[in-house]
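Undergrad: Handing over coords-v2.txt, compact mmCIF, C-alpha atoms.
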```txt
# COMPACT_ATOMS: atom_id res chain seq x y z
CA MET Y 1 79.21 64.25 172.58
CA SER Y 2 81.38 62.15 174.91
CA VAL Y 3 81.83 58.46 174.16
CA ASP Y 4 84.76 56.16 174.84
CA ILE Y 5 86.58 54.78 171.80
CA HIS Y 6 89.77 52.65 172.02
CA GLY Y 7 90.61 54.31 175.35
CA ALA Y 8 90.14 57.89 174.13
CA ARG Y 9 87.01 60.00 174.41
CA ILE Y 10 85.04 61.43 171.51
CA LEU Y 11 84.66 65.14 172.15
CA TYR Y 12 82.94 66.16 168.92
CA THR Y 13 81.88 64.66 165.59
CA ILE Y 14 82.13 66.64 162.34
CA PRO Y 15 79.11 65.56 160.23
CA ILE Y 16 80.12 67.40 157.02
CA LEU Y 17 83.39 65.46 156.85
CA GLY Y 18 81.80 62.05 156.94
CA GLY Y 19 81.40 61.89 160.69
CA ILE Y 20 85.05 62.36 161.63
CA ASN Y 21 85.48 62.05 165.39
CA ILE Y 22 87.50 64.64 167.31
CA THR Y 23 88.83 62.61 170.24
CA SER Y 24 90.75 63.53 173.37
CA THR Y 25 93.76 61.84 171.76
CA LEU Y 26 93.67 64.25 168.83
CA VAL Y 27 93.14 67.35 170.95
CA ILE Y 28 95.90 66.51 173.44
CA THR Y 29 98.27 65.53 170.63
CA TRP Y 30 97.61 68.86 168.91
CA CYS Y 31 98.30 70.65 172.20
CA VAL Y 32 101.57 68.78 172.67
CA MET Y 33 102.63 69.59 169.10
CA ALA Y 34 101.71 73.25 169.64
CA VAL Y 35 103.81 73.37 172.81
CA LEU Y 36 106.77 71.69 171.11
CA THR Y 37 106.48 74.03 168.12
CA GLY Y 38 106.33 77.10 170.36
CA LEU Y 39 109.28 75.84 172.39
CA SER Y 40 111.31 75.25 169.22
CA ILE Y 41 110.54 78.75 167.93
CA TRP Y 42 111.46 80.28 171.27
CA LEU Y 43 114.75 78.36 171.55
CA THR Y 44 115.85 79.27 168.03
CA ARG Y 45 115.09 83.02 168.13
CA ASP Y 46 117.92 85.57 168.18
CA LEU Y 47 120.70 83.07 167.52
CA LYS Y 48 124.22 84.49 167.75
CA VAL Y 49 127.73 83.40 166.84
CA ARG Y 50 129.26 85.08 169.88
CA GLY Y 51 127.86 85.86 173.27
CA VAL Y 52 125.63 82.78 173.21
CA SER Y 53 122.75 82.91 175.68
CA LYS Y 54 121.76 80.06 177.97
CA LYS Y 55 118.69 79.51 175.82
CA GLN Y 56 120.81 79.11 172.68
CA ALA Y 57 123.23 76.85 174.55
CA VAL Y 58 120.32 74.55 175.44
CA ALA Y 59 119.12 74.55 171.82
CA GLU Y 60 122.60 73.72 170.51
CA TRP Y 61 122.97 70.92 173.05
CA LEU Y 62 119.65 69.39 171.99
CA VAL Y 63 120.67 69.50 168.32
CA GLN Y 64 124.07 67.97 169.07
CA PHE Y 65 122.45 65.27 171.18
CA ALA Y 66 120.01 64.37 168.39
CA ASP Y 67 122.82 64.31 165.80
CA SER Y 68 124.98 62.11 168.02
CA PHE Y 69 122.04 59.78 168.74
CA VAL Y 70 121.38 59.23 165.04
CA GLU Y 71 125.07 58.95 164.14
CA GLN Y 72 125.64 56.22 166.74
CA ASN Y 73 122.70 54.15 165.53
CA MET Y 74 122.63 54.82 161.79
CA GLY Y 75 125.93 56.33 160.75
CA LYS Y 76 127.17 59.83 160.01
CA LYS Y 77 125.71 59.97 156.49
CA TRP Y 78 122.16 59.74 157.90
CA VAL Y 79 122.43 62.56 160.45
CA LYS Y 80 121.27 65.36 158.16
CA SER Y 81 118.37 63.32 156.78
CA PHE Y 82 117.00 61.69 159.93
CA ALA Y 83 118.10 63.65 163.02
CA PRO Y 84 115.11 66.07 162.79
CA PHE Y 85 112.68 63.19 162.22
CA ILE Y 86 114.00 61.07 165.10
CA ALA Y 87 114.10 64.09 167.42
CA ALA Y 88 110.50 64.94 166.51
CA ILE Y 89 109.29 61.39 167.24
CA PHE Y 90 111.16 61.29 170.55
CA ALA Y 91 109.86 64.69 171.68
CA LEU Y 92 106.28 63.94 170.62
CA SER Y 93 106.29 60.52 172.28
CA LEU Y 94 107.78 61.85 175.52
CA GLY Y 95 105.53 64.90 175.61
CA SER Y 96 102.41 62.82 174.89
CA SER Y 97 103.19 60.33 177.65
CA LEU Y 98 103.97 63.03 180.22
CA THR Y 99 100.54 64.66 179.79
CA SER Y 100 99.31 62.13 182.34
CA LEU Y 101 101.18 64.14 184.98
CA ILE Y 102 98.66 66.98 184.59
CA GLY Y 103 95.66 64.65 184.66
CA CYS Y 104 95.16 64.36 180.89
CA PHE Y 105 94.61 61.18 178.92
CA PRO Y 106 98.05 60.42 177.39
CA PRO Y 107 97.81 60.00 173.59
CA THR Y 108 100.35 57.17 173.82
CA ALA Y 109 97.77 55.18 175.79
CA ASP Y 110 95.68 55.13 172.60
CA LEU Y 111 96.70 52.33 170.24
CA VAL Y 112 95.91 54.48 167.20
CA THR Y 113 98.69 56.93 168.09
CA GLU Y 114 101.51 54.40 168.00
CA LEU Y 115 99.99 52.68 164.98
CA ALA Y 116 100.06 55.94 163.02
CA TRP Y 117 103.72 56.51 163.92
CA ALA Y 118 104.61 52.92 163.05
CA ILE Y 119 102.89 53.16 159.65
CA VAL Y 120 104.93 56.29 158.84
CA VAL Y 121 108.10 54.46 159.85
CA PHE Y 122 107.08 51.43 157.78
CA VAL Y 123 106.63 53.61 154.69
CA ILE Y 124 110.10 55.10 155.22
CA ILE Y 125 111.59 51.62 155.71
CA THR Y 126 109.98 50.35 152.49
CA TYR Y 127 111.05 53.45 150.55
CA ASN Y 128 114.69 53.09 151.62
CA ASN Y 129 114.63 49.37 150.91
CA ILE Y 130 113.38 49.93 147.36
CA LYS Y 131 115.74 52.87 146.86
CA SER Y 132 118.72 50.80 147.96
CA ASN Y 133 117.90 47.48 146.27
CA GLY Y 134 115.50 48.45 143.49
CA LEU Y 135 111.92 47.23 143.24
CA LEU Y 136 112.95 43.83 141.86
CA GLY Y 137 115.61 43.37 144.52
CA TYR Y 138 113.12 44.34 147.22
CA LEU Y 139 110.62 41.72 145.99
CA LYS Y 140 113.36 39.10 145.63
CA SER Y 141 114.40 39.64 149.26
CA PHE Y 142 111.15 38.03 150.39
CA CYS Y 143 112.24 34.78 148.72
CA SER Y 144 115.51 34.58 150.65
CA PRO Y 145 116.97 32.06 151.32
CA ILE Y 146 114.40 29.95 149.42
CA PHE Y 147 111.08 30.65 147.74
CA LEU Y 148 109.15 28.71 150.39
CA MET Y 149 110.14 31.35 152.96
CA ALA Y 150 108.29 34.14 151.08
CA PRO Y 151 105.07 34.04 153.20
CA PHE Y 152 107.07 34.14 156.43
CA ASN Y 153 109.30 36.98 155.20
CA VAL Y 154 106.24 38.99 154.15
CA LEU Y 155 104.68 38.46 157.58
CA GLY Y 156 107.94 39.44 159.24
CA GLU Y 157 108.01 42.70 157.28
CA VAL Y 158 104.36 43.49 158.04
CA PHE Y 159 104.78 42.71 161.73
CA LYS Y 160 107.56 45.29 162.16
CA PRO Y 161 105.14 48.20 162.61
CA VAL Y 162 102.74 45.95 164.52
CA SER Y 163 105.43 44.97 167.06
CA MET Y 164 106.59 48.58 167.41
CA THR Y 165 103.01 49.68 168.01
CA PHE Y 166 102.11 47.13 170.67
CA ARG Y 167 105.47 47.36 172.46
CA HIS Y 168 105.11 51.10 173.00
CA PHE Y 169 101.36 51.02 173.64
CA GLY Y 170 101.49 48.04 176.00
CA ASN Y 171 104.15 49.52 178.26
CA ILE Y 172 102.43 52.90 178.54
CA VAL Y 173 98.99 51.41 179.22
CA SER Y 174 100.32 48.85 181.71
CA GLY Y 175 101.93 51.65 183.72
CA THR Y 176 98.68 53.63 183.71
CA VAL Y 177 96.64 50.59 184.79
CA ILE Y 178 99.07 49.58 187.55
CA SER Y 179 99.14 53.13 188.95
CA ALA Y 180 95.32 53.30 188.93
CA LEU Y 181 94.98 49.90 190.64
CA VAL Y 182 97.51 50.79 193.34
CA TYR Y 183 95.80 54.12 193.99
CA ALA Y 184 92.38 52.44 194.23
CA GLY Y 185 93.78 49.75 196.53
CA LEU Y 186 95.40 52.30 198.84
CA THR Y 187 92.17 54.33 198.95
CA ALA Y 188 90.18 51.23 199.95
CA ALA Y 189 92.82 50.25 202.51
CA ASN Y 190 92.73 53.76 203.97
CA VAL Y 191 88.96 53.59 204.48
CA ALA Y 192 89.13 50.05 205.90
CA LEU Y 193 91.95 50.93 208.32
CA PHE Y 194 90.34 54.01 209.84
CA SER Y 195 86.89 52.41 209.90
CA LEU Y 196 88.23 50.37 212.82
CA ILE Y 197 88.04 53.55 214.87
CA PRO Y 198 84.45 53.81 216.11
CA GLY Y 199 82.26 56.83 215.64
CA ALA Y 200 82.62 60.02 213.64
CA VAL Y 201 86.40 60.15 214.14
CA GLY Y 202 86.89 56.99 212.10
CA LYS Y 203 84.67 58.28 209.30
CA VAL Y 204 86.49 61.62 209.15
CA LEU Y 205 89.95 60.04 209.17
CA GLY Y 206 88.84 57.45 206.60
CA ALA Y 207 87.84 60.23 204.23
CA ILE Y 208 91.36 61.69 204.37
CA PRO Y 209 93.61 59.80 201.89
CA PHE Y 210 96.64 59.31 204.16
CA LEU Y 211 97.83 56.13 202.44
CA THR Y 212 97.67 57.61 198.94
CA VAL Y 213 100.44 60.10 199.75
CA GLY Y 214 103.93 59.04 198.69
CA ILE Y 215 103.50 55.63 197.08
CA PRO Y 216 101.53 56.82 194.00
CA ALA Y 217 104.09 59.62 193.59
CA ALA Y 218 106.93 57.08 193.57
CA LEU Y 219 105.09 54.97 190.98
CA SER Y 220 104.47 58.09 188.90
CA LEU Y 221 108.19 58.85 188.97
CA TYR Y 222 108.87 55.44 187.42
CA PHE Y 223 105.95 54.95 185.02
CA ASP Y 224 105.38 58.56 183.95
CA TRP Y 225 108.96 59.77 183.79
CA PHE Y 226 111.36 56.87 183.48
CA GLY Y 227 108.94 54.66 181.54
CA SER Y 228 108.04 57.46 179.12
CA VAL Y 229 111.69 58.22 178.35
CA ILE Y 230 112.56 54.55 177.89
CA GLN Y 231 109.63 53.84 175.54
CA ALA Y 232 110.37 56.91 173.43
CA PHE Y 233 114.04 55.85 173.31
CA ILE Y 234 113.24 52.27 172.28
CA PHE Y 235 110.78 53.35 169.57
CA CYS Y 236 113.37 55.70 168.07
CA VAL Y 237 116.16 53.11 168.23
CA LEU Y 238 113.99 50.50 166.50
CA THR Y 239 113.07 53.08 163.85
CA MET Y 240 116.74 53.80 163.12
CA VAL Y 241 117.76 50.13 163.15
CA PHE Y 242 114.99 49.09 160.74
CA ILE Y 243 115.72 51.98 158.35
CA SER Y 244 119.45 51.23 158.41
CA GLN Y 245 118.83 47.56 157.71
CA ALA Y 246 116.46 48.42 154.88
CA ALA Y 247 119.11 50.65 153.29
CA GLY Y 248 121.74 47.95 153.66
CA GLU Y 249 123.81 49.79 156.26
CA GLU Y 250 126.04 47.92 158.63
CA GLU Y 251 125.17 48.30 162.29
```
Using structure tokens, write down the structure that the file contains.

TA:
Amino acid sequence: MSVDIHGARILYTIPILGGINITSTLVITWCVMAVLTGLSIWLTRDLKVRGVSKKQAVAEWLVQFADSFVEQNMGKKWVKSFAPFIAAIFALSLGSSLTSLIGCFPPTADLVTELAWAIVVFVIITYNNIKSNGLLGYLKSFCSPIFLMAPFNVLGEVFKPVSMTFRHFGNIVSGTVISALVYAGLTAANVALFSLIPGAVGKVLGAIPFLTVGIPAALSLYFDWFGSVIQAFIFCVLTMVFISQAAGEEE
């Protein structure tokens, strides 16, 4: 079965589990997670105290980078608790977005992907808020500074995961759409340009995509590489900021 659903494609439906759809988003996400898991296992095998290999040096640098990233945004006390989580989100987001480079549908271009991540983050934010302020203090915070502000404060809290979801999703999808439109435009321009040459020569040259060489690659460098890194970075920073605020930490 192959049907489009919120940008992804249904590959198979499992009837015995209530008709659960196996989409291209799920399959590609599983593949990315498998690659990241395999890479992590490979990087952390045969660790040594002395005579460190290049592979171990890379692994240690990645761990130090993640620790430093969390420490700068949340504080040193949070490094042990959240560095693995933040690193996992960053790697999964970046890896999912970069699958477009090999012609796959990027899971981050599916709204459900970012929504799932944002819901997990929202649960962690709420947990730390209640843990830091107590359940009563957490509920009272919605009435600050006056009771009349409660509906707006509740909406503000609910919209945190919503804003994180659409910010990440919107930027990834916009890059994909712009790249597709430019490629289609260049293809049409290529055919129109060489159709001015009469006869079979014009038809042959028009079929060769001269104009689609170079420009799409430059756009891919920005949207697929730079854009993917930036969106993963922003999502992780927002996650750390919201959790720190919920726990009452000073920025």

Undergrad: Give me, as a tab-separated table, the closest atom pair and its distance (Å, one decimal) for every residue of region 144-176 of chain Y within a cut-off of 12 Å of region 85-103 of chain Y, counting only C-alpha atoms, rows sorted by chain and rising number.

TA:
```
residue	atom	partner	partner_atom	distance
Y:His168	CA	Y:Ser93	CA	9.5
Y:Phe169	CA	Y:Ser97	CA	10.3
Y:Asn171	CA	Y:Ser97	CA	10.9
Y:Ile172	CA	Y:Ser97	CA	7.5
Y:Val173	CA	Y:Ser97	CA	10.0
Y:Gly175	CA	Y:Ser97	CA	10.7
Y:Thr176	CA	Y:Ser100	CA	8.6
```

Undergrad: So what do you get for CA of Lys160 (chain Y) versus CA of Ser81 (chain Y), distance-wise?

TA: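 Separation of CA of Lys160 (chain Y) and CA of Ser81 (chain Y): 21.7 Å.
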
Undergrad: Y:Val229, Y:Val162, Y:Ile178, Y:Ala57: which is nearest Glu114 (chain Y), counting all atoms listed in the file?

TA: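 Among the listed residues, Y:Val162 lies closest to Glu114 (chain Y).
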
Undergrad: Hey, what's within 7 Å of region 116-130 of chain Y if we count only C-alpha atoms and toss same-chain stuff fewer than 5 positions away? As a list in words, please?

TA: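 Once the nearby chain positions are removed, what remains is Leu135, Tyr138, Pro161, Met164, Thr165, Thr239, Phe242, Ile243, Ala246 and Ala247 of chain Y.
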
Undergrad: With all atoms listed in the file counted and 8 Å as the cut-off, give the residues of region 102-214 of chain Y in contact with region 25-45 of chain Y, each with its shortest interatomic distance in Å and the pair that gives it, as a tab-separated table.

TA:
```
residue	atom	partner	partner_atom	distance
Y:Cys104	CA	Y:Ile28	CA	7.8
Y:Phe105	CA	Y:Thr25	CA	7.2
Y:Pro106	CA	Y:Thr25	CA	7.2
Y:Pro107	CA	Y:Thr25	CA	4.8
Y:Asp110	CA	Y:Thr25	CA	7.0
Y:Thr113	CA	Y:Thr25	CA	7.9
```

Undergrad: Find the residues near Ser174 (chain Y): any atom within 10 Å, counting only C-alpha atoms, skip ones fewer than 5 places away on the same chain, and give them as a list in words.

TA: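 Listing them by chain and then by number gives Ala109, Phe169, Ser179, Ala180 and Phe223 of chain Y.
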
Undergrad: In Å, how far is it from CA of Pro198 (chain Y) to CA of Gly185 (chain Y)?

TA: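 For CA of Pro198 (chain Y) relative to CA of Gly185 (chain Y), the distance reads 22.1 Å.
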
Undergrad: What gap, in Å, lies between CA of Cys236 (chain Y) and CA of Ala150 (chain Y)?

TA: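 These two atoms are separated by 27.9 Å.
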
Undergrad: For region 131-167 of chain Y, supply N, CA and C atoms and report the output as a PDB file, in the frame of the given file.

TA:
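Writing the result to selection_0.pdb gives the following:
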```pdb
ATOM      1  N   LYS Y 131     114.733  51.950 147.375  1.00  0.00           N
ATOM      2  CA  LYS Y 131     115.740  52.870 146.860  1.00  0.00           C
ATOM      3  C   LYS Y 131     117.115  52.227 146.843  1.00  0.00           C
ATOM      4  N   SER Y 132     117.408  51.423 147.861  1.00  0.00           N
ATOM      5  CA  SER Y 132     118.720  50.800 147.960  1.00  0.00           C
ATOM      6  C   SER Y 132     118.864  49.563 147.077  1.00  0.00           C
ATOM      7  N   ASN Y 133     117.806  48.766 146.972  1.00  0.00           N
ATOM      8  CA  ASN Y 133     117.900  47.480 146.270  1.00  0.00           C
ATOM      9  C   ASN Y 133     117.133  47.437 144.955  1.00  0.00           C
ATOM     10  N   GLY Y 134     116.345  48.480 144.674  1.00  0.00           N
ATOM     11  CA  GLY Y 134     115.500  48.450 143.490  1.00  0.00           C
ATOM     12  C   GLY Y 134     114.230  47.664 143.779  1.00  0.00           C
ATOM     13  N   LEU Y 135     113.192  47.899 142.998  1.00  0.00           N
ATOM     14  CA  LEU Y 135     111.920  47.230 143.240  1.00  0.00           C
ATOM     15  C   LEU Y 135     112.052  45.718 143.099  1.00  0.00           C
ATOM     16  N   LEU Y 136     112.773  45.266 142.071  1.00  0.00           N
ATOM     17  CA  LEU Y 136     112.950  43.830 141.860  1.00  0.00           C
ATOM     18  C   LEU Y 136     113.745  43.200 142.990  1.00  0.00           C
ATOM     19  N   GLY Y 137     114.805  43.891 143.415  1.00  0.00           N
ATOM     20  CA  GLY Y 137     115.610  43.370 144.520  1.00  0.00           C
ATOM     21  C   GLY Y 137     114.820  43.317 145.816  1.00  0.00           C
ATOM     22  N   TYR Y 138     113.959  44.314 146.021  1.00  0.00           N
ATOM     23  CA  TYR Y 138     113.120  44.340 147.220  1.00  0.00           C
ATOM     24  C   TYR Y 138     112.168  43.142 147.222  1.00  0.00           C
ATOM     25  N   LEU Y 139     111.547  42.856 146.080  1.00  0.00           N
ATOM     26  CA  LEU Y 139     110.620  41.720 145.990  1.00  0.00           C
ATOM     27  C   LEU Y 139     111.359  40.399 146.120  1.00  0.00           C
ATOM     28  N   LYS Y 140     112.570  40.327 145.541  1.00  0.00           N
ATOM     29  CA  LYS Y 140     113.360  39.100 145.630  1.00  0.00           C
ATOM     30  C   LYS Y 140     113.778  38.795 147.064  1.00  0.00           C
ATOM     31  N   SER Y 141     113.943  39.840 147.874  1.00  0.00           N
ATOM     32  CA  SER Y 141     114.400  39.640 149.260  1.00  0.00           C
ATOM     33  C   SER Y 141     113.413  38.808 150.068  1.00  0.00           C
ATOM     34  N   PHE Y 142     112.141  38.814 149.664  1.00  0.00           N
ATOM     35  CA  PHE Y 142     111.150  38.030 150.390  1.00  0.00           C
ATOM     36  C   PHE Y 142     111.304  36.529 150.106  1.00  0.00           C
ATOM     37  N   CYS Y 143     112.038  36.194 149.071  1.00  0.00           N
ATOM     38  CA  CYS Y 143     112.240  34.780 148.720  1.00  0.00           C
ATOM     39  C   CYS Y 143     113.550  34.228 149.257  1.00  0.00           C
ATOM     40  N   SER Y 144     114.221  35.011 150.089  1.00  0.00           N
ATOM     41  CA  SER Y 144     115.510  34.580 150.650  1.00  0.00           C
ATOM     42  C   SER Y 144     115.270  33.804 151.951  1.00  0.00           C
ATOM     43  N   PRO Y 145     115.974  32.700 152.201  1.00  0.00           N
ATOM     44  CA  PRO Y 145     116.970  32.060 151.320  1.00  0.00           C
ATOM     45  C   PRO Y 145     116.360  31.157 150.245  1.00  0.00           C
ATOM     46  N   ILE Y 146     115.071  30.762 150.439  1.00  0.00           N
ATOM     47  CA  ILE Y 146     114.400  29.950 149.420  1.00  0.00           C
ATOM     48  C   ILE Y 146     112.991  30.489 149.218  1.00  0.00           C
ATOM     49  N   PHE Y 147     112.391  30.119 148.096  1.00  0.00           N
ATOM     50  CA  PHE Y 147     111.080  30.650 147.740  1.00  0.00           C
ATOM     51  C   PHE Y 147     110.015  30.315 148.780  1.00  0.00           C
ATOM     52  N   LEU Y 148     110.150  29.148 149.420  1.00  0.00           N
ATOM     53  CA  LEU Y 148     109.150  28.710 150.390  1.00  0.00           C
ATOM     54  C   LEU Y 148     109.081  29.641 151.610  1.00  0.00           C
ATOM     55  N   MET Y 149     110.114  30.451 151.810  1.00  0.00           N
ATOM     56  CA  MET Y 149     110.140  31.350 152.960  1.00  0.00           C
ATOM     57  C   MET Y 149     109.403  32.666 152.696  1.00  0.00           C
ATOM     58  N   ALA Y 150     108.923  32.869 151.461  1.00  0.00           N
ATOM     59  CA  ALA Y 150     108.290  34.140 151.080  1.00  0.00           C
ATOM     60  C   ALA Y 150     107.135  34.534 152.013  1.00  0.00           C
ATOM     61  N   PRO Y 151     106.184  33.636 152.313  1.00  0.00           N
ATOM     62  CA  PRO Y 151     105.070  34.040 153.200  1.00  0.00           C
ATOM     63  C   PRO Y 151     105.547  34.495 154.575  1.00  0.00           C
ATOM     64  N   PHE Y 152     106.556  33.800 155.103  1.00  0.00           N
ATOM     65  CA  PHE Y 152     107.070  34.140 156.430  1.00  0.00           C
ATOM     66  C   PHE Y 152     107.821  35.473 156.404  1.00  0.00           C
ATOM     67  N   ASN Y 153     108.570  35.712 155.326  1.00  0.00           N
ATOM     68  CA  ASN Y 153     109.300  36.980 155.200  1.00  0.00           C
ATOM     69  C   ASN Y 153     108.343  38.155 155.044  1.00  0.00           C
ATOM     70  N   VAL Y 154     107.240  37.935 154.307  1.00  0.00           N
ATOM     71  CA  VAL Y 154     106.240  38.990 154.150  1.00  0.00           C
ATOM     72  C   VAL Y 154     105.600  39.312 155.510  1.00  0.00           C
ATOM     73  N   LEU Y 155     105.257  38.257 156.251  1.00  0.00           N
ATOM     74  CA  LEU Y 155     104.680  38.460 157.580  1.00  0.00           C
ATOM     75  C   LEU Y 155     105.656  39.181 158.501  1.00  0.00           C
ATOM     76  N   GLY Y 156     106.931  38.799 158.422  1.00  0.00           N
ATOM     77  CA  GLY Y 156     107.940  39.440 159.240  1.00  0.00           C
ATOM     78  C   GLY Y 156     108.054  40.932 158.950  1.00  0.00           C
ATOM     79  N   GLU Y 157     107.939  41.292 157.672  1.00  0.00           N
ATOM     80  CA  GLU Y 157     108.010  42.700 157.280  1.00  0.00           C
ATOM     81  C   GLU Y 157     106.780  43.463 157.766  1.00  0.00           C
ATOM     82  N   VAL Y 158     105.615  42.840 157.626  1.00  0.00           N
ATOM     83  CA  VAL Y 158     104.360  43.490 158.040  1.00  0.00           C
ATOM     84  C   VAL Y 158     104.305  43.651 159.559  1.00  0.00           C
ATOM     85  N   PHE Y 159     104.862  42.673 160.270  1.00  0.00           N
ATOM     86  CA  PHE Y 159     104.780  42.710 161.730  1.00  0.00           C
ATOM     87  C   PHE Y 159     105.758  43.690 162.370  1.00  0.00           C
ATOM     88  N   LYS Y 160     106.655  44.282 161.593  1.00  0.00           N
ATOM     89  CA  LYS Y 160     107.560  45.290 162.160  1.00  0.00           C
ATOM     90  C   LYS Y 160     106.783  46.453 162.768  1.00  0.00           C
ATOM     91  N   PRO Y 161     105.906  47.106 161.991  1.00  0.00           N
ATOM     92  CA  PRO Y 161     105.140  48.200 162.610  1.00  0.00           C
ATOM     93  C   PRO Y 161     104.177  47.718 163.680  1.00  0.00           C
ATOM     94  N   VAL Y 162     103.669  46.489 163.523  1.00  0.00           N
ATOM     95  CA  VAL Y 162     102.740  45.950 164.520  1.00  0.00           C
ATOM     96  C   VAL Y 162     103.463  45.769 165.862  1.00  0.00           C
ATOM     97  N   SER Y 163     104.675  45.192 165.826  1.00  0.00           N
ATOM     98  CA  SER Y 163     105.430  44.970 167.060  1.00  0.00           C
ATOM     99  C   SER Y 163     105.844  46.292 167.697  1.00  0.00           C
ATOM    100  N   MET Y 164     106.235  47.270 166.874  1.00  0.00           N
ATOM    101  CA  MET Y 164     106.590  48.580 167.410  1.00  0.00           C
ATOM    102  C   MET Y 164     105.393  49.238 168.082  1.00  0.00           C
ATOM    103  N   THR Y 165     104.230  49.080 167.466  1.00  0.00           N
ATOM    104  CA  THR Y 165     103.010  49.680 168.010  1.00  0.00           C
ATOM    105  C   THR Y 165     102.653  49.093 169.360  1.00  0.00           C
ATOM    106  N   PHE Y 166     102.562  47.772 169.434  1.00  0.00           N
ATOM    107  CA  PHE Y 166     102.110  47.130 170.670  1.00  0.00           C
ATOM    108  C   PHE Y 166     103.149  47.198 171.775  1.00  0.00           C
ATOM    109  N   ARG Y 167     104.433  47.247 171.425  1.00  0.00           N
ATOM    110  CA  ARG Y 167     105.470  47.360 172.460  1.00  0.00           C
ATOM    111  C   ARG Y 167     105.333  48.700 173.190  1.00  0.00           C
TER     112      ARG Y 167
END
```
